[in-house]
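Q: Got a file for you: entry.txt, compact mmCIF, N, CA, C and O atoms and all ligand atoms.
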```
# COMPACT_ATOMS: atom_id res chain seq x y z
N MET A 1 16.37 -68.41 42.18
CA MET A 1 17.65 -69.04 42.35
C MET A 1 18.59 -68.07 43.08
O MET A 1 18.69 -66.90 42.73
N ILE A 2 19.25 -68.57 44.13
CA ILE A 2 20.19 -67.75 44.88
C ILE A 2 21.56 -67.82 44.19
O ILE A 2 22.03 -68.90 43.85
N VAL A 3 22.16 -66.67 43.97
CA VAL A 3 23.42 -66.59 43.24
C VAL A 3 24.44 -65.80 44.06
O VAL A 3 24.12 -64.71 44.57
N GLU A 4 25.63 -66.34 44.19
CA GLU A 4 26.70 -65.61 44.86
C GLU A 4 27.21 -64.52 43.92
O GLU A 4 27.56 -64.80 42.77
N LEU A 5 27.27 -63.29 44.41
CA LEU A 5 27.79 -62.18 43.60
C LEU A 5 29.30 -62.04 43.77
O LEU A 5 30.04 -61.83 42.81
N THR A 6 29.73 -62.12 45.02
CA THR A 6 31.15 -61.90 45.29
C THR A 6 31.46 -62.36 46.71
O THR A 6 30.55 -62.64 47.50
N LYS A 7 32.73 -62.42 47.01
CA LYS A 7 33.14 -62.68 48.39
C LYS A 7 33.04 -61.38 49.18
O LYS A 7 33.31 -60.29 48.66
N LEU A 8 32.68 -61.52 50.44
CA LEU A 8 32.48 -60.35 51.30
C LEU A 8 33.73 -59.48 51.38
O LEU A 8 33.65 -58.25 51.36
N ASN A 9 34.91 -60.11 51.42
CA ASN A 9 36.14 -59.33 51.58
C ASN A 9 36.57 -58.63 50.29
O ASN A 9 37.59 -57.94 50.27
N GLN A 10 35.80 -58.78 49.22
CA GLN A 10 36.12 -58.09 47.97
C GLN A 10 35.25 -56.85 47.75
O GLN A 10 35.30 -56.25 46.68
N VAL A 11 34.44 -56.51 48.76
CA VAL A 11 33.53 -55.36 48.64
C VAL A 11 33.99 -54.26 49.58
O VAL A 11 34.04 -54.46 50.80
N GLU A 12 34.31 -53.11 49.04
CA GLU A 12 34.69 -51.95 49.85
C GLU A 12 33.47 -51.06 50.08
O GLU A 12 32.57 -51.01 49.25
N GLU A 13 33.48 -50.36 51.19
CA GLU A 13 32.41 -49.41 51.50
C GLU A 13 32.36 -48.30 50.45
O GLU A 13 33.40 -47.88 49.94
N ASN A 14 31.14 -47.85 50.16
CA ASN A 14 30.90 -46.69 49.30
C ASN A 14 31.50 -46.83 47.90
O ASN A 14 31.92 -45.85 47.29
N THR A 15 31.53 -48.05 47.40
CA THR A 15 32.01 -48.30 46.05
C THR A 15 30.94 -49.09 45.30
O THR A 15 30.40 -50.06 45.83
N TRP A 16 30.64 -48.63 44.09
CA TRP A 16 29.65 -49.33 43.27
C TRP A 16 30.33 -50.43 42.48
O TRP A 16 31.41 -50.23 41.92
N TYR A 17 29.67 -51.59 42.42
CA TYR A 17 30.16 -52.75 41.66
C TYR A 17 29.09 -53.17 40.67
O TYR A 17 27.89 -53.00 40.91
N GLU A 18 29.54 -53.76 39.57
CA GLU A 18 28.62 -54.29 38.55
C GLU A 18 28.87 -55.79 38.41
O GLU A 18 30.02 -56.23 38.39
N TYR A 19 27.77 -56.55 38.31
CA TYR A 19 27.86 -57.99 38.07
C TYR A 19 26.88 -58.36 36.97
O TYR A 19 25.76 -57.84 36.94
N SER A 20 27.30 -59.23 36.08
CA SER A 20 26.41 -59.73 35.03
C SER A 20 26.02 -61.16 35.38
O SER A 20 26.89 -62.01 35.61
N LEU A 21 24.72 -61.40 35.42
CA LEU A 21 24.20 -62.70 35.83
C LEU A 21 23.29 -63.26 34.75
O LEU A 21 22.53 -62.52 34.11
N GLN A 22 23.33 -64.58 34.60
CA GLN A 22 22.44 -65.23 33.67
C GLN A 22 21.10 -65.48 34.37
O GLN A 22 21.06 -66.08 35.43
N SER A 23 20.02 -64.98 33.79
CA SER A 23 18.68 -65.20 34.35
C SER A 23 17.81 -65.83 33.27
O SER A 23 18.26 -66.04 32.14
N SER A 24 16.57 -66.09 33.62
CA SER A 24 15.66 -66.66 32.63
C SER A 24 15.37 -65.67 31.50
O SER A 24 14.90 -66.05 30.44
N ASN A 25 15.65 -64.40 31.73
CA ASN A 25 15.47 -63.36 30.70
C ASN A 25 16.75 -63.08 29.93
O ASN A 25 16.81 -62.12 29.16
N GLY A 26 17.77 -63.86 30.16
CA GLY A 26 19.05 -63.61 29.51
C GLY A 26 20.03 -63.02 30.49
O GLY A 26 19.85 -63.10 31.70
N LEU A 27 21.05 -62.36 29.97
CA LEU A 27 22.07 -61.78 30.82
C LEU A 27 21.54 -60.50 31.46
O LEU A 27 21.01 -59.62 30.77
N GLU A 28 21.65 -60.40 32.78
CA GLU A 28 21.20 -59.20 33.48
C GLU A 28 22.36 -58.57 34.21
O GLU A 28 23.17 -59.26 34.83
N SER A 29 22.43 -57.25 34.14
CA SER A 29 23.47 -56.50 34.83
C SER A 29 22.88 -55.90 36.09
O SER A 29 21.80 -55.28 36.05
N ILE A 30 23.57 -56.08 37.20
CA ILE A 30 23.11 -55.49 38.45
C ILE A 30 24.23 -54.68 39.09
O ILE A 30 25.40 -54.88 38.79
N MET A 31 23.83 -53.78 39.96
CA MET A 31 24.78 -52.91 40.67
C MET A 31 24.67 -53.21 42.16
O MET A 31 23.58 -53.46 42.67
N LEU A 32 25.80 -53.13 42.82
CA LEU A 32 25.85 -53.41 44.26
C LEU A 32 26.64 -52.31 44.94
O LEU A 32 27.66 -51.85 44.41
N ILE A 33 26.16 -51.90 46.12
CA ILE A 33 26.93 -50.97 46.95
C ILE A 33 26.79 -51.39 48.41
O ILE A 33 25.75 -51.94 48.81
N LYS A 34 27.83 -51.14 49.17
CA LYS A 34 27.81 -51.38 50.62
C LYS A 34 28.03 -50.03 51.29
O LYS A 34 29.03 -49.34 51.00
N GLN A 35 27.11 -49.65 52.15
CA GLN A 35 27.25 -48.40 52.89
C GLN A 35 26.89 -48.65 54.34
O GLN A 35 25.83 -49.22 54.63
N ASN A 36 27.75 -48.24 55.24
CA ASN A 36 27.55 -48.44 56.67
C ASN A 36 27.25 -49.90 57.00
O ASN A 36 26.41 -50.21 57.84
N GLY A 37 27.91 -50.80 56.27
CA GLY A 37 27.76 -52.22 56.54
C GLY A 37 26.57 -52.88 55.88
O GLY A 37 26.41 -54.09 55.98
N SER A 38 25.70 -52.08 55.26
CA SER A 38 24.50 -52.64 54.62
C SER A 38 24.66 -52.68 53.11
O SER A 38 25.21 -51.74 52.52
N PHE A 39 24.14 -53.72 52.50
CA PHE A 39 24.22 -53.88 51.05
C PHE A 39 22.90 -53.48 50.41
O PHE A 39 21.83 -53.74 50.95
N ARG A 40 23.01 -52.86 49.23
CA ARG A 40 21.84 -52.60 48.40
C ARG A 40 22.19 -52.96 46.97
O ARG A 40 23.34 -52.80 46.53
N GLY A 41 21.18 -53.43 46.24
CA GLY A 41 21.40 -53.79 44.85
C GLY A 41 20.28 -53.26 43.98
O GLY A 41 19.13 -53.12 44.43
N PHE A 42 20.64 -52.93 42.76
CA PHE A 42 19.67 -52.43 41.78
C PHE A 42 19.98 -53.04 40.42
O PHE A 42 21.14 -53.35 40.12
N LYS A 43 18.98 -53.18 39.59
CA LYS A 43 19.24 -53.55 38.21
C LYS A 43 19.93 -52.38 37.53
O LYS A 43 19.59 -51.22 37.78
N ASN A 44 20.86 -52.69 36.68
CA ASN A 44 21.70 -51.67 36.04
C ASN A 44 21.04 -51.15 34.77
O ASN A 44 21.61 -51.26 33.68
N TYR A 45 19.82 -50.59 34.95
CA TYR A 45 19.10 -50.04 33.81
C TYR A 45 18.41 -48.76 34.24
O TYR A 45 17.71 -48.74 35.24
N CYS A 46 18.62 -47.71 33.50
CA CYS A 46 18.00 -46.42 33.80
C CYS A 46 16.52 -46.46 33.44
O CYS A 46 16.17 -46.92 32.35
N PRO A 47 15.65 -45.95 34.32
CA PRO A 47 14.22 -45.96 34.01
C PRO A 47 13.84 -44.99 32.89
O PRO A 47 12.72 -45.08 32.37
N HIS A 48 14.73 -44.10 32.50
CA HIS A 48 14.40 -43.17 31.42
C HIS A 48 14.31 -43.90 30.08
O HIS A 48 13.24 -43.99 29.50
N GLN A 49 15.41 -44.44 29.61
CA GLN A 49 15.39 -45.15 28.32
C GLN A 49 16.06 -46.52 28.40
O GLN A 49 16.42 -47.09 27.38
N GLY A 50 16.25 -47.01 29.60
CA GLY A 50 16.74 -48.37 29.76
C GLY A 50 18.23 -48.56 29.52
O GLY A 50 18.69 -49.70 29.44
N ARG A 51 18.96 -47.47 29.44
CA ARG A 51 20.42 -47.61 29.22
C ARG A 51 21.09 -48.09 30.49
O ARG A 51 20.62 -47.85 31.60
N ARG A 52 22.25 -48.71 30.33
CA ARG A 52 23.07 -49.06 31.48
C ARG A 52 23.57 -47.80 32.17
O ARG A 52 23.76 -46.77 31.52
N LEU A 53 23.81 -47.91 33.48
CA LEU A 53 24.27 -46.74 34.22
C LEU A 53 25.78 -46.64 34.31
O LEU A 53 26.31 -45.61 34.70
N ASP A 54 26.49 -47.70 33.94
CA ASP A 54 27.95 -47.61 33.91
C ASP A 54 28.39 -47.16 32.51
O ASP A 54 27.88 -47.64 31.51
N TYR A 55 29.32 -46.22 32.46
CA TYR A 55 29.80 -45.70 31.16
C TYR A 55 30.80 -46.64 30.51
O TYR A 55 31.00 -46.61 29.30
N ALA A 56 31.45 -47.46 31.31
CA ALA A 56 32.24 -48.61 30.88
C ALA A 56 31.94 -49.67 31.92
O ALA A 56 31.47 -49.34 33.02
N VAL A 57 32.18 -50.93 31.63
CA VAL A 57 31.74 -51.98 32.54
C VAL A 57 32.28 -51.74 33.95
O VAL A 57 33.50 -51.66 34.16
N GLY A 58 31.35 -51.54 34.89
CA GLY A 58 31.72 -51.37 36.29
C GLY A 58 32.23 -49.98 36.66
O GLY A 58 32.64 -49.77 37.78
N GLN A 59 32.16 -49.04 35.71
CA GLN A 59 32.63 -47.67 35.96
C GLN A 59 31.42 -46.72 35.97
O GLN A 59 30.72 -46.63 34.96
N PHE A 60 31.21 -46.03 37.10
CA PHE A 60 30.02 -45.20 37.26
C PHE A 60 30.40 -43.74 37.48
O PHE A 60 31.39 -43.44 38.14
N LEU A 61 29.59 -42.85 36.93
CA LEU A 61 29.72 -41.43 37.21
C LEU A 61 29.00 -41.17 38.53
O LEU A 61 27.84 -41.58 38.69
N LEU A 62 29.67 -40.47 39.45
CA LEU A 62 29.10 -40.25 40.77
C LEU A 62 29.12 -38.79 41.14
O LEU A 62 30.02 -38.04 40.73
N THR A 63 28.16 -38.39 41.96
CA THR A 63 28.19 -37.06 42.57
C THR A 63 29.12 -37.12 43.76
O THR A 63 29.57 -38.20 44.17
N GLU A 64 29.37 -35.96 44.38
CA GLU A 64 30.21 -35.94 45.58
C GLU A 64 29.60 -36.76 46.71
O GLU A 64 30.31 -37.27 47.57
N GLU A 65 28.27 -36.91 46.70
CA GLU A 65 27.58 -37.67 47.75
C GLU A 65 27.55 -39.16 47.45
O GLU A 65 27.04 -39.96 48.24
N GLY A 66 28.05 -39.56 46.29
CA GLY A 66 28.06 -40.98 45.92
C GLY A 66 26.83 -41.43 45.17
O GLY A 66 26.63 -42.63 44.97
N ASN A 67 25.99 -40.48 44.78
CA ASN A 67 24.83 -40.84 43.96
C ASN A 67 25.26 -41.08 42.52
O ASN A 67 26.26 -40.53 42.06
N ILE A 68 24.49 -41.90 41.81
CA ILE A 68 24.86 -42.29 40.45
C ILE A 68 24.24 -41.33 39.43
O ILE A 68 23.07 -40.94 39.56
N ILE A 69 25.03 -40.99 38.43
CA ILE A 69 24.55 -40.17 37.32
C ILE A 69 24.52 -41.04 36.07
O ILE A 69 25.52 -41.67 35.71
N CYS A 70 23.37 -41.09 35.41
CA CYS A 70 23.27 -41.85 34.17
C CYS A 70 24.10 -41.15 33.09
O CYS A 70 23.92 -39.95 32.85
N PRO A 71 25.02 -41.85 32.43
CA PRO A 71 25.87 -41.21 31.43
C PRO A 71 25.13 -40.83 30.16
O PRO A 71 25.64 -40.04 29.37
N ALA A 72 23.92 -41.36 29.97
CA ALA A 72 23.21 -41.08 28.72
C ALA A 72 22.63 -39.67 28.69
O ALA A 72 22.90 -38.90 27.77
N HIS A 73 21.83 -39.31 29.70
CA HIS A 73 21.16 -38.01 29.70
C HIS A 73 21.22 -37.32 31.05
O HIS A 73 20.48 -36.37 31.30
N GLY A 74 22.06 -37.81 31.97
CA GLY A 74 22.33 -37.08 33.20
C GLY A 74 21.37 -37.27 34.36
O GLY A 74 21.45 -36.53 35.34
N ALA A 75 20.48 -38.24 34.31
CA ALA A 75 19.60 -38.47 35.46
C ALA A 75 20.46 -38.83 36.67
O ALA A 75 21.45 -39.54 36.55
N GLU A 76 20.04 -38.33 37.85
CA GLU A 76 20.79 -38.60 39.09
C GLU A 76 19.94 -39.44 40.01
O GLU A 76 18.75 -39.16 40.21
N PHE A 77 20.56 -40.47 40.59
CA PHE A 77 19.84 -41.44 41.43
C PHE A 77 20.44 -41.49 42.82
O PHE A 77 21.65 -41.65 42.98
N ASP A 78 19.56 -41.41 43.82
CA ASP A 78 19.97 -41.52 45.21
C ASP A 78 20.52 -42.92 45.48
O ASP A 78 19.89 -43.93 45.13
N ALA A 79 21.70 -43.00 46.09
CA ALA A 79 22.37 -44.28 46.31
C ALA A 79 21.61 -45.16 47.31
O ALA A 79 21.74 -46.38 47.28
N LYS A 80 20.84 -44.55 48.20
CA LYS A 80 20.13 -45.35 49.20
C LYS A 80 18.81 -45.90 48.67
O LYS A 80 18.50 -47.07 48.83
N SER A 81 18.05 -45.05 48.02
CA SER A 81 16.70 -45.45 47.60
C SER A 81 16.60 -45.83 46.13
O SER A 81 15.64 -46.49 45.73
N GLY A 82 17.53 -45.36 45.31
CA GLY A 82 17.43 -45.57 43.87
C GLY A 82 16.51 -44.58 43.19
O GLY A 82 16.29 -44.65 41.97
N LEU A 83 15.98 -43.63 43.95
CA LEU A 83 15.06 -42.64 43.39
C LEU A 83 15.80 -41.63 42.52
O LEU A 83 16.86 -41.13 42.89
N CYS A 84 15.22 -41.32 41.36
CA CYS A 84 15.77 -40.28 40.50
C CYS A 84 15.42 -38.92 41.10
O CYS A 84 14.24 -38.58 41.24
N THR A 85 16.46 -38.16 41.46
CA THR A 85 16.25 -36.88 42.12
C THR A 85 16.51 -35.70 41.21
O THR A 85 16.30 -34.55 41.61
N ASN A 86 16.94 -35.99 39.96
CA ASN A 86 17.20 -34.91 39.01
C ASN A 86 17.30 -35.53 37.61
O ASN A 86 17.84 -36.61 37.46
N GLY A 87 16.76 -34.84 36.62
CA GLY A 87 16.91 -35.33 35.25
C GLY A 87 15.61 -35.79 34.64
O GLY A 87 14.52 -35.58 35.20
N PRO A 88 15.68 -36.46 33.49
CA PRO A 88 14.49 -36.74 32.68
C PRO A 88 13.55 -37.80 33.25
O PRO A 88 12.44 -37.94 32.74
N CYS A 89 13.96 -38.53 34.26
CA CYS A 89 13.05 -39.53 34.86
C CYS A 89 12.79 -39.19 36.33
O CYS A 89 12.59 -40.09 37.16
N LEU A 90 12.79 -37.89 36.64
CA LEU A 90 12.56 -37.41 38.00
C LEU A 90 11.36 -38.13 38.63
O LEU A 90 10.28 -38.18 38.03
N GLY A 91 11.57 -38.66 39.83
CA GLY A 91 10.49 -39.33 40.56
C GLY A 91 10.39 -40.82 40.30
O GLY A 91 9.73 -41.53 41.05
N GLN A 92 11.01 -41.31 39.24
CA GLN A 92 11.05 -42.75 39.00
C GLN A 92 12.24 -43.34 39.77
O GLN A 92 13.10 -42.62 40.24
N SER A 93 12.27 -44.65 39.86
CA SER A 93 13.32 -45.30 40.65
C SER A 93 14.01 -46.41 39.88
O SER A 93 13.41 -47.05 39.01
N LEU A 94 15.25 -46.65 40.26
CA LEU A 94 15.92 -47.87 39.84
C LEU A 94 15.17 -49.05 40.46
O LEU A 94 14.56 -48.92 41.52
N GLN A 95 15.27 -50.19 39.80
CA GLN A 95 14.61 -51.37 40.33
C GLN A 95 15.52 -52.07 41.32
O GLN A 95 16.60 -52.56 40.94
N SER A 96 15.10 -52.11 42.57
CA SER A 96 15.94 -52.74 43.59
C SER A 96 15.85 -54.25 43.50
O SER A 96 14.84 -54.80 43.03
N ILE A 97 16.90 -54.91 43.95
CA ILE A 97 16.92 -56.37 43.98
C ILE A 97 17.35 -56.81 45.37
O ILE A 97 18.04 -56.08 46.08
N PRO A 98 16.93 -58.00 45.79
CA PRO A 98 17.29 -58.46 47.14
C PRO A 98 18.77 -58.81 47.22
O PRO A 98 19.32 -59.41 46.30
N ILE A 99 19.39 -58.39 48.31
CA ILE A 99 20.79 -58.70 48.58
C ILE A 99 20.89 -59.30 49.98
O ILE A 99 20.31 -58.77 50.93
N GLU A 100 21.60 -60.41 50.07
CA GLU A 100 21.85 -61.06 51.37
C GLU A 100 23.36 -61.26 51.50
O GLU A 100 24.07 -61.39 50.50
N ALA A 101 23.82 -61.27 52.72
CA ALA A 101 25.24 -61.54 52.95
C ALA A 101 25.39 -62.44 54.17
O ALA A 101 24.61 -62.34 55.13
N ASN A 102 26.36 -63.33 54.11
CA ASN A 102 26.75 -64.07 55.31
C ASN A 102 28.20 -63.71 55.64
O ASN A 102 28.72 -62.72 55.08
N GLU A 103 28.87 -64.47 56.46
CA GLU A 103 30.22 -64.09 56.87
C GLU A 103 31.26 -64.27 55.76
O GLU A 103 32.38 -63.81 55.88
N GLU A 104 30.84 -64.90 54.63
CA GLU A 104 31.79 -65.14 53.55
C GLU A 104 31.44 -64.44 52.24
O GLU A 104 32.33 -63.98 51.52
N SER A 105 30.15 -64.38 51.91
CA SER A 105 29.76 -63.99 50.55
C SER A 105 28.55 -63.08 50.54
O SER A 105 27.83 -62.95 51.53
N VAL A 106 28.33 -62.47 49.37
CA VAL A 106 27.18 -61.62 49.11
C VAL A 106 26.35 -62.31 48.02
O VAL A 106 26.91 -62.76 47.01
N PHE A 107 25.03 -62.36 48.22
CA PHE A 107 24.16 -63.10 47.31
C PHE A 107 23.02 -62.22 46.82
O PHE A 107 22.65 -61.23 47.46
N THR A 108 22.40 -62.63 45.72
CA THR A 108 21.13 -62.08 45.30
C THR A 108 20.25 -63.25 44.86
O THR A 108 20.68 -64.39 44.80
N VAL A 109 19.01 -62.92 44.56
CA VAL A 109 18.05 -63.91 44.05
C VAL A 109 17.63 -63.47 42.67
O VAL A 109 17.22 -62.32 42.48
N ILE A 110 17.76 -64.35 41.69
CA ILE A 110 17.31 -64.04 40.34
C ILE A 110 16.34 -65.11 39.89
O ILE A 110 16.34 -66.23 40.41
N LYS A 111 15.51 -64.76 38.90
CA LYS A 111 14.53 -65.72 38.35
C LYS A 111 15.10 -66.40 37.12
O LYS A 111 15.92 -65.86 36.43
S1 LIG B 201 18.74 -43.25 29.70
FE1 LIG B 201 19.39 -42.53 31.67
S2 LIG B 201 18.90 -40.43 31.64
FE2 LIG B 201 18.26 -41.14 29.70
```
Please rewrite the model in this file as structure tokens.
Ligand code: FES
A:
Amino acid sequence: MIVELTKLNQVEENTWYEYSLQSSNGLESIMLIKQNGSFRGFKNYCPHQGRRLDYAVGQFLLTEEGNIICPAHGAEFDAKSGLCTNGPCLGQSLQSIPIEANEESVFTVIK
């Protein structure tokens, strides 16, 4: 099922956003970022112990480079690939999700 996440004009460059979506598995939290005009999305769950990556809804700890730090145990994730580059799940990755955009909105596909 294709789901609209937000309007295109509500997304700023280099800012992480959180959206909660209803899926067949229940409520799912996803993260969205736009960098250099391209969108990427990941499920908002750390591969270490499955905790959310926002310390409060939609609030993320970031490095100076814009990478995400898990507030639970400090794992650091590359903003482009989702790869854990430091911490207890080194070498594992966030689960990416498909993101599409048209001239008005940003979408994802959920099951
Ligand atoms: S749950 Fe994220 S580092 Fe442990």
Q: How would you write, as a VMD selection string, the set of residues no farther than 9 Å from ligand LIG 201 (chain B) when counting only C-alpha atoms and all ligand atoms?
A: chain A and resid 45 to 53 69 to 76 87 to 89
Q: From the set A:Thr108, A:Gly26, A:Leu61, A:Lys34, which residue has the shortest atom-to-atom contact distance to Asn9 (chain A), counting only C-alpha atoms?
A: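 Closest to Asn9 (chain A), using only C-alpha atoms: A:Lys34.
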Q: Kindly give the distance, in Å, that separates CA of Ser29 (chain A) and atom C of Asn67 (chain A), rounded to a single decimal.
A: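 About the pair CA of Ser29 (chain A) and atom C of Asn67 (chain A): they are 17.3 Å apart.
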Q: Applying 7 Å and only N, CA, C and O atoms, which residues near Leu8 (chain A) remain after dropping the ones on its own chain fewer than 5 positions away? List them as number ranges by chain.
A: A: 102-106
Q: How many Å separate CA of Ser24 (chain A) from atom N of Ile110 (chain A)?
A: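 Straight-line distance from CA of Ser24 (chain A) to atom N of Ile110 (chain A) works out to 9.6 Å.
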Q: Could you check how far CA of Gln59 (chain A) sits from CA of Val3 (chain A), in Å to one decimal?
A: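 For CA of Gln59 (chain A) relative to CA of Val3 (chain A), the distance reads 22.3 Å.
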Q: Between A:Ile33, A:Gln95, A:Thr15, A:Ile2, which residue has the minimum interatomic distance to Leu83 (chain A), considering only N, CA, C and O atoms?
A: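 Using only N, CA, C and O atoms, Leu83 (chain A) sits closest to A:Gln95.
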Q: Just want the 5 Å neighbourhood of Gly41 (chain A), counted on only N, CA, C and O atoms, with same-chain residues fewer than 6 positions away dropped. Output as a PyMOL selection string.
A: chain A and resi 31-32+95-97
Q: Only N, CA and C atoms, please: region 66-78 of chain A from the block, as a compact mmCIF listing (two decimals), in the first residue's frame.
A:
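Saved file result.txt follows:
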```txt
# COMPACT_ATOMS: atom_id res chain seq x y z
N GLY A 66 25.79 14.58 10.72
CA GLY A 66 24.37 14.28 10.52
C GLY A 66 24.02 12.81 10.65
N ASN A 67 24.97 12.00 11.10
CA ASN A 67 24.67 10.59 11.34
C ASN A 67 23.89 10.44 12.64
N ILE A 68 23.11 9.37 12.72
CA ILE A 68 22.24 9.17 13.88
C ILE A 68 22.95 8.35 14.95
N ILE A 69 22.76 8.75 16.19
CA ILE A 69 23.28 8.01 17.33
C ILE A 69 22.10 7.41 18.08
N CYS A 70 22.13 6.11 18.31
CA CYS A 70 21.06 5.47 19.08
C CYS A 70 21.17 5.93 20.54
N PRO A 71 20.09 6.45 21.13
CA PRO A 71 20.16 6.95 22.50
C PRO A 71 20.30 5.85 23.54
N ALA A 72 20.04 4.61 23.15
CA ALA A 72 20.08 3.53 24.14
C ALA A 72 21.51 3.15 24.52
N HIS A 73 22.34 2.82 23.53
CA HIS A 73 23.70 2.36 23.83
C HIS A 73 24.75 2.99 22.92
N GLY A 74 24.38 4.04 22.17
CA GLY A 74 25.37 4.83 21.45
C GLY A 74 25.79 4.34 20.08
N ALA A 75 25.09 3.37 19.49
CA ALA A 75 25.46 2.95 18.14
C ALA A 75 25.30 4.15 17.19
N GLU A 76 26.22 4.25 16.22
CA GLU A 76 26.19 5.36 15.26
C GLU A 76 25.90 4.81 13.87
N PHE A 77 24.99 5.47 13.16
CA PHE A 77 24.54 5.00 11.85
C PHE A 77 24.78 6.04 10.79
N ASP A 78 25.38 5.61 9.68
CA ASP A 78 25.62 6.48 8.53
C ASP A 78 24.28 6.92 7.94
```
